[in-house]
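Undergrad: So here's upload.tsv, just TSV, C-alpha atoms and all ligand atoms:
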```tsv
chain	number	residue	atom	x	y	z
A	164	MET	CA	15.22	-0.94	5.80
A	165	HIS	CA	12.37	-3.40	5.94
A	166	LEU	CA	9.62	-1.31	7.41
A	167	PRO	CA	6.02	-2.43	7.20
A	168	ASP	CA	3.91	-0.58	4.64
A	169	LEU	CA	1.49	1.81	6.22
A	170	GLY	CA	-2.16	2.10	5.37
A	171	ILE	CA	-2.89	5.72	6.24
A	172	LEU	CA	-6.51	6.01	7.32
A	173	ASN	CA	-6.91	9.30	9.11
A	174	GLU	CA	-3.33	9.93	10.23
A	175	TYR	CA	-2.90	13.20	8.38
A	176	VAL	CA	-3.38	16.93	8.84
A	177	THR	CA	-3.33	19.93	6.51
A	178	VAL	CA	0.36	20.76	5.93
A	179	PRO	CA	1.15	23.00	8.93
A	180	LYS	CA	2.98	26.33	8.74
A	181	VAL	CA	6.26	24.89	9.96
A	182	PHE	CA	6.43	22.97	6.67
A	183	HIS	CA	5.36	25.85	4.46
A	184	SER	CA	7.95	27.47	2.22
A	185	TYR	CA	9.73	30.20	4.17
A	186	ALA	CA	10.48	31.92	0.88
A	187	SER	CA	6.86	32.17	-0.28
A	188	GLY	CA	5.00	31.92	3.03
A	189	ARG	CA	2.76	29.34	1.38
A	190	PRO	CA	2.73	25.55	1.01
A	191	PHE	CA	5.31	24.18	-1.43
A	192	GLU	CA	3.72	23.91	-4.86
A	193	ARG	CA	6.40	22.42	-7.10
A	194	CYS	CA	8.93	19.60	-7.06
A	195	ILE	CA	12.42	21.13	-7.04
A	196	CYS	CA	13.54	18.67	-9.72
A	197	CYS	CA	10.69	18.05	-12.16
A	198	GLU	CA	8.47	21.00	-11.22
A	199	LYS	CA	5.45	18.75	-10.92
A	200	ASN	CA	2.49	20.35	-9.14
A	201	LEU	CA	2.52	18.89	-5.63
A	202	LEU	CA	-0.80	20.12	-4.35
A	203	LYS	CA	-2.93	17.71	-6.35
A	204	ASN	CA	-4.44	14.95	-4.20
A	205	GLY	CA	-2.55	11.69	-4.58
A	206	THR	CA	0.78	13.41	-5.34
A	207	GLN	CA	3.29	12.30	-2.74
A	208	TYR	CA	6.37	14.29	-1.90
A	209	VAL	CA	8.93	15.02	0.76
A	210	ILE	CA	9.77	18.37	2.34
A	211	GLU	CA	13.16	19.07	3.86
A	212	LYS	CA	14.09	22.27	5.68
A	213	ALA	CA	17.40	23.08	7.34
A	214	ILE	CA	17.08	25.58	10.16
A	215	ARG	CA	19.53	27.51	12.31
A	216	GLN	CA	18.48	28.96	15.66
A	217	TYR	CA	19.90	31.92	17.49
A	218	PRO	CA	19.35	30.99	21.11
A	219	GLY	CA	18.60	33.93	23.32
A	220	PHE	CA	17.27	35.96	20.39
A	221	GLY	CA	14.24	33.81	19.69
A	222	ALA	CA	15.19	33.99	16.02
A	223	THR	CA	15.63	31.32	13.36
A	224	ASP	CA	17.00	31.25	9.82
A	225	VAL	CA	16.04	28.81	7.11
A	226	ILE	CA	19.34	27.65	5.58
A	227	TYR	CA	17.63	25.84	2.75
A	228	GLU	CA	14.31	24.24	1.97
A	229	TYR	CA	12.73	22.31	-0.83
A	230	ALA	CA	10.03	19.82	-1.71
A	231	MET	CA	10.69	16.84	-3.98
A	232	CYS	CA	8.18	14.42	-5.44
A	233	ILE	CA	8.49	10.74	-4.53
A	234	GLU	CA	9.46	9.77	-8.09
A	235	CYS	CA	12.44	12.16	-8.02
A	236	THR	CA	13.53	11.02	-4.53
A	237	THR	CA	13.52	7.45	-5.86
A	238	VAL	CA	15.64	8.44	-8.84
A	239	MET	CA	18.12	10.15	-6.49
A	240	ARG	CA	18.18	7.23	-4.12
A	241	ASN	CA	18.96	4.89	-6.99
A	242	ALA	CA	22.08	6.94	-7.68
A	243	LEU	CA	23.46	5.99	-4.26
A	244	SER	CA	25.51	2.82	-4.09
A	245	SER	CA	23.84	-0.09	-2.34
A	246	ASP	CA	26.77	-0.07	0.12
A	247	SER	CA	26.03	3.47	1.15
A	248	ILE	CA	22.33	2.74	1.49
A	249	ARG	CA	23.15	-0.23	3.69
A	250	VAL	CA	25.47	1.86	5.87
A	251	ILE	CA	22.82	4.56	6.34
A	252	GLU	CA	20.09	2.03	7.08
A	253	ASN	CA	22.22	0.13	9.57
A	254	TYR	CA	23.10	3.36	11.30
A	255	LEU	CA	19.46	4.45	11.51
A	256	SER	CA	18.11	1.12	12.66
A	257	SER	CA	20.79	0.92	15.37
A	258	ARG	CA	19.60	4.29	16.72
A	259	VAL	CA	15.86	4.31	16.30
A	260	ASN	CA	12.96	1.92	15.98
A	261	LEU	CA	10.74	3.78	13.54
A	262	VAL	CA	7.79	1.41	13.90
A	263	GLU	CA	7.85	1.74	17.69
A	264	ARG	CA	8.35	5.50	17.53
A	265	ARG	CA	5.32	5.98	15.29
A	266	LYS	CA	3.13	3.85	17.52
A	267	ARG	CA	4.26	5.71	20.64
A	268	LEU	CA	3.80	9.19	19.17
A	269	LEU	CA	0.36	8.45	17.75
A	270	ALA	CA	-0.73	7.07	21.12
A	271	GLN	CA	0.80	9.89	23.19
A	272	SER	CA	0.26	12.99	21.14
A	273	GLY	CA	-1.79	11.97	18.14
A	274	LYS	CA	-1.37	14.34	15.25
A	275	ASP	CA	0.57	17.10	17.02
A	276	VAL	CA	3.38	17.88	14.56
A	277	ASN	CA	5.40	19.80	17.18
A	278	THR	CA	5.70	16.72	19.37
A	279	TRP	CA	6.90	14.66	16.41
A	280	LEU	CA	9.61	17.26	15.82
A	281	SER	CA	10.53	17.97	19.43
A	282	ASN	CA	13.56	15.69	19.71
A	283	CYS	CA	16.25	14.53	17.27
A	284	LEU	CA	15.26	11.24	15.69
A	285	ILE	CA	18.78	9.88	16.14
A	286	SER	CA	20.33	11.50	19.22
A	287	GLY	CA	17.20	12.49	21.16
A	288	THR	CA	18.55	16.05	21.58
A	289	ALA	CA	15.73	18.53	22.10
A	290	MET	CA	15.02	20.94	19.26
A	291	LYS	CA	15.53	23.88	21.59
A	292	ASP	CA	19.05	22.63	22.33
A	293	SER	CA	19.95	22.10	18.67
A	294	VAL	CA	21.56	25.15	17.11
A	295	GLU	CA	21.08	23.63	13.68
A	296	TYR	CA	18.65	20.96	12.62
A	297	GLN	CA	16.67	19.64	9.69
A	298	ILE	CA	13.02	18.71	9.57
A	299	TYR	CA	11.43	16.27	7.15
A	300	ALA	CA	7.85	15.56	6.23
A	301	HIS	CA	6.04	13.17	3.92
A	302	CYS	CA	3.06	14.81	2.25
A	303	ASP	CA	0.30	14.07	-0.18
A	304	GLY	CA	-1.29	17.02	-1.95
A	305	GLY	CA	-2.30	19.50	0.76
A	306	ASP	CA	-1.82	17.01	3.59
A	307	LEU	CA	1.05	16.01	5.84
A	308	LEU	CA	1.03	12.26	6.50
A	309	PHE	CA	2.07	10.71	9.80
A	310	THR	CA	4.09	7.87	8.34
A	311	TYR	CA	7.52	7.26	9.87
A	312	LEU	CA	7.83	10.99	9.36
A	313	PRO	CA	7.66	13.82	10.25
A	314	TYR	CA	10.93	13.99	12.16
A	315	MET	CA	13.75	16.30	13.13
A	316	VAL	CA	17.44	15.47	12.97
A	317	SER	CA	20.06	17.66	14.67
A	318	ALA	CA	23.05	18.86	12.66
A	319	ASN	CA	25.40	16.87	14.92
A	320	ALA	CA	23.67	13.60	14.11
A	321	LEU	CA	23.61	14.47	10.41
A	322	GLN	CA	27.32	15.18	10.53
A	323	GLU	CA	27.93	11.74	11.98
A	324	LEU	CA	25.79	10.16	9.28
A	325	ASP	CA	27.50	12.16	6.56
A	326	GLY	CA	30.84	10.79	7.75
A	327	LEU	CA	29.62	7.27	7.04
A	328	ILE	CA	28.94	7.95	3.38
A	329	SER	CA	31.96	7.39	1.16
A	330	SER	CA	33.36	10.31	-0.81
A	331	GLU	CA	32.94	8.16	-3.90
A	332	THR	CA	29.20	7.99	-3.32
A	333	LYS	CA	29.07	11.71	-2.75
A	334	GLU	CA	30.86	12.27	-6.05
A	335	VAL	CA	28.51	9.94	-7.90
A	336	LEU	CA	25.54	11.75	-6.42
A	337	GLY	CA	27.04	15.13	-7.31
A	338	ASP	CA	27.61	14.07	-10.93
A	339	PHE	CA	24.15	12.62	-11.03
A	340	ILE	CA	22.60	15.88	-9.89
A	341	ASP	CA	24.62	17.76	-12.53
A	342	ASN	CA	23.59	15.44	-15.33
A	343	HIS	CA	20.01	14.52	-14.63
A	344	PHE	CA	18.25	17.55	-13.38
A	345	GLY	CA	17.87	20.63	-15.51
A	346	LEU	CA	18.20	22.77	-12.44
A	347	PRO	CA	19.51	26.29	-12.03
A	348	PRO	CA	23.02	26.20	-10.47
A	349	GLN	CA	21.86	27.37	-7.03
A	350	TYR	CA	19.44	24.43	-6.77
A	351	LYS	CA	22.15	22.00	-7.84
A	352	GLU	CA	24.38	23.31	-5.08
A	353	LEU	CA	21.53	23.03	-2.62
A	354	LEU	CA	20.93	19.38	-3.45
A	355	LYS	CA	24.63	18.62	-3.18
A	356	ARG	CA	24.87	20.31	0.20
A	357	ARG	CA	21.96	18.44	1.66
A	358	LYS	CA	22.81	15.59	3.92
A	359	THR	CA	21.15	12.56	2.48
A	360	LEU	CA	18.87	10.84	4.87
A	361	VAL	CA	17.14	7.96	3.19
A	362	LEU	CA	13.49	7.56	4.04
B	1	ZN	ZN	9.79	15.49	-9.14
```
As a first step, turn the structure in this file into structure tokens.
Ligand SMILES: [Zn+2]

TA:
Amino acid sequence: MHLPDLGILNEYVTVPKVFHSYASGRPFERCICCEKNLLKNGTQYVIEKAIRQYPGFGATDVIYEYAMCIECTTVMRNALSSDSIRVIENYLSSRVNLVERRKRLLAQSGKDVNTWLSNCLISGTAMKDSVEYQIYAHCDGGDLLFTYLPYMVSANALQELDGLISSETKEVLGDFIDNHFGLPPQYKELLKRRKTLVL
């Protein structure tokens, strides 16, 4: 997608609790792939958390969560075929204008992370009406950046997107994860299960 580069001036906040690791109760410290320390200023990374809600019980479960440094996300992205990347980008740009969305949210709610996450990026479904959803953030050291992220995507929209990616691409990505990352098996499975949403 040809999105304009952003010069972040003061559009950032300390990484809020919603993007802390559920497992540790603290901010993510390490890249899941290369174990680089993420909390050093100038280290960019992405956080992804998949969450299931139990409506009526006020309870939520974190299905999986991880942080990955920008270098490792680039390596993973390069494993995707250019056809698949094009399909994903066409799908996204037909559903959402990320430039417009960022402008609108900054004007309306400023740096209120909850507002940025309140509705599915793709379908518009409210978080409270999404039984399962994923949230994404772009961070730098101890800060969350308001780039084209953060955003929330409902499981239904992710399912639709997943259907657009060829099984061949999924296999290539699976092999790639097996061969390139010295990860414990449970992390490999986690990365294979994740629905790829290209930034
Ligand atoms: Zn890394």

Undergrad: Would you kindly return, as a count of residues only, each protein, DNA or RNA residue with an atom no farther than 9 Å from any atom of Asn204 (chain A), considering all atoms listed in the file and excluding same-chain residues fewer than 2 positions away?

TA: 8

Undergrad: Point out the residue among A:Lys199, A:Arg240, A:Lys180, A:Lys291 with the least atom-to-atom distance to Val335 (chain A), counting all atoms listed in the file.

TA: A:Arg240

Undergrad: Please identify all protein, DNA and RNA residues within 9 Å of ligand ZN 1 (chain B), counting all atoms listed in the file, and report them as a PDB file with C-alpha atoms, in the frame of the given file.

TA:
```pdb
ATOM      1  CA  ARG A 193       6.400  22.420  -7.100  1.00  0.00           C
ATOM      2  CA  CYS A 194       8.930  19.600  -7.060  1.00  0.00           C
ATOM      3  CA  ILE A 195      12.420  21.130  -7.040  1.00  0.00           C
ATOM      4  CA  CYS A 196      13.540  18.670  -9.720  1.00  0.00           C
ATOM      5  CA  CYS A 197      10.690  18.050 -12.160  1.00  0.00           C
ATOM      6  CA  GLU A 198       8.470  21.000 -11.220  1.00  0.00           C
ATOM      7  CA  LYS A 199       5.450  18.750 -10.920  1.00  0.00           C
ATOM      8  CA  ASN A 200       2.490  20.350  -9.140  1.00  0.00           C
ATOM      9  CA  LEU A 201       2.520  18.890  -5.630  1.00  0.00           C
ATOM     10  CA  TYR A 208       6.370  14.290  -1.900  1.00  0.00           C
ATOM     11  CA  ALA A 230      10.030  19.820  -1.710  1.00  0.00           C
ATOM     12  CA  MET A 231      10.690  16.840  -3.980  1.00  0.00           C
ATOM     13  CA  CYS A 232       8.180  14.420  -5.440  1.00  0.00           C
ATOM     14  CA  ILE A 233       8.490  10.740  -4.530  1.00  0.00           C
ATOM     15  CA  GLU A 234       9.460   9.770  -8.090  1.00  0.00           C
ATOM     16  CA  CYS A 235      12.440  12.160  -8.020  1.00  0.00           C
ATOM     17  CA  THR A 236      13.530  11.020  -4.530  1.00  0.00           C
TER      18      THR A 236
END
```

Undergrad: Which of these residues is nearest to Arg215 (chain A), using only C-alpha atoms: A:Glu174, A:His301, A:Asn282, A:Tyr296?

TA: A:Tyr296

Undergrad: For each of A:Asp246, A:Glu211, A:Asp275, A:Asp224, take the minimum atom-to-atom distance to Ile328 (chain A), counting all atoms listed in the file, then give the residue where this is smallest.

TA: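 That would be A:Asp246, the residue with the smallest distance to Ile328 (chain A).
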
Undergrad: In Å, with one decimal, what is the gap from CA of Gly326 (chain A) to CA of Tyr254 (chain A)?

TA: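 So the two atoms, CA of Gly326 (chain A) and CA of Tyr254 (chain A), lie 11.3 Å apart.
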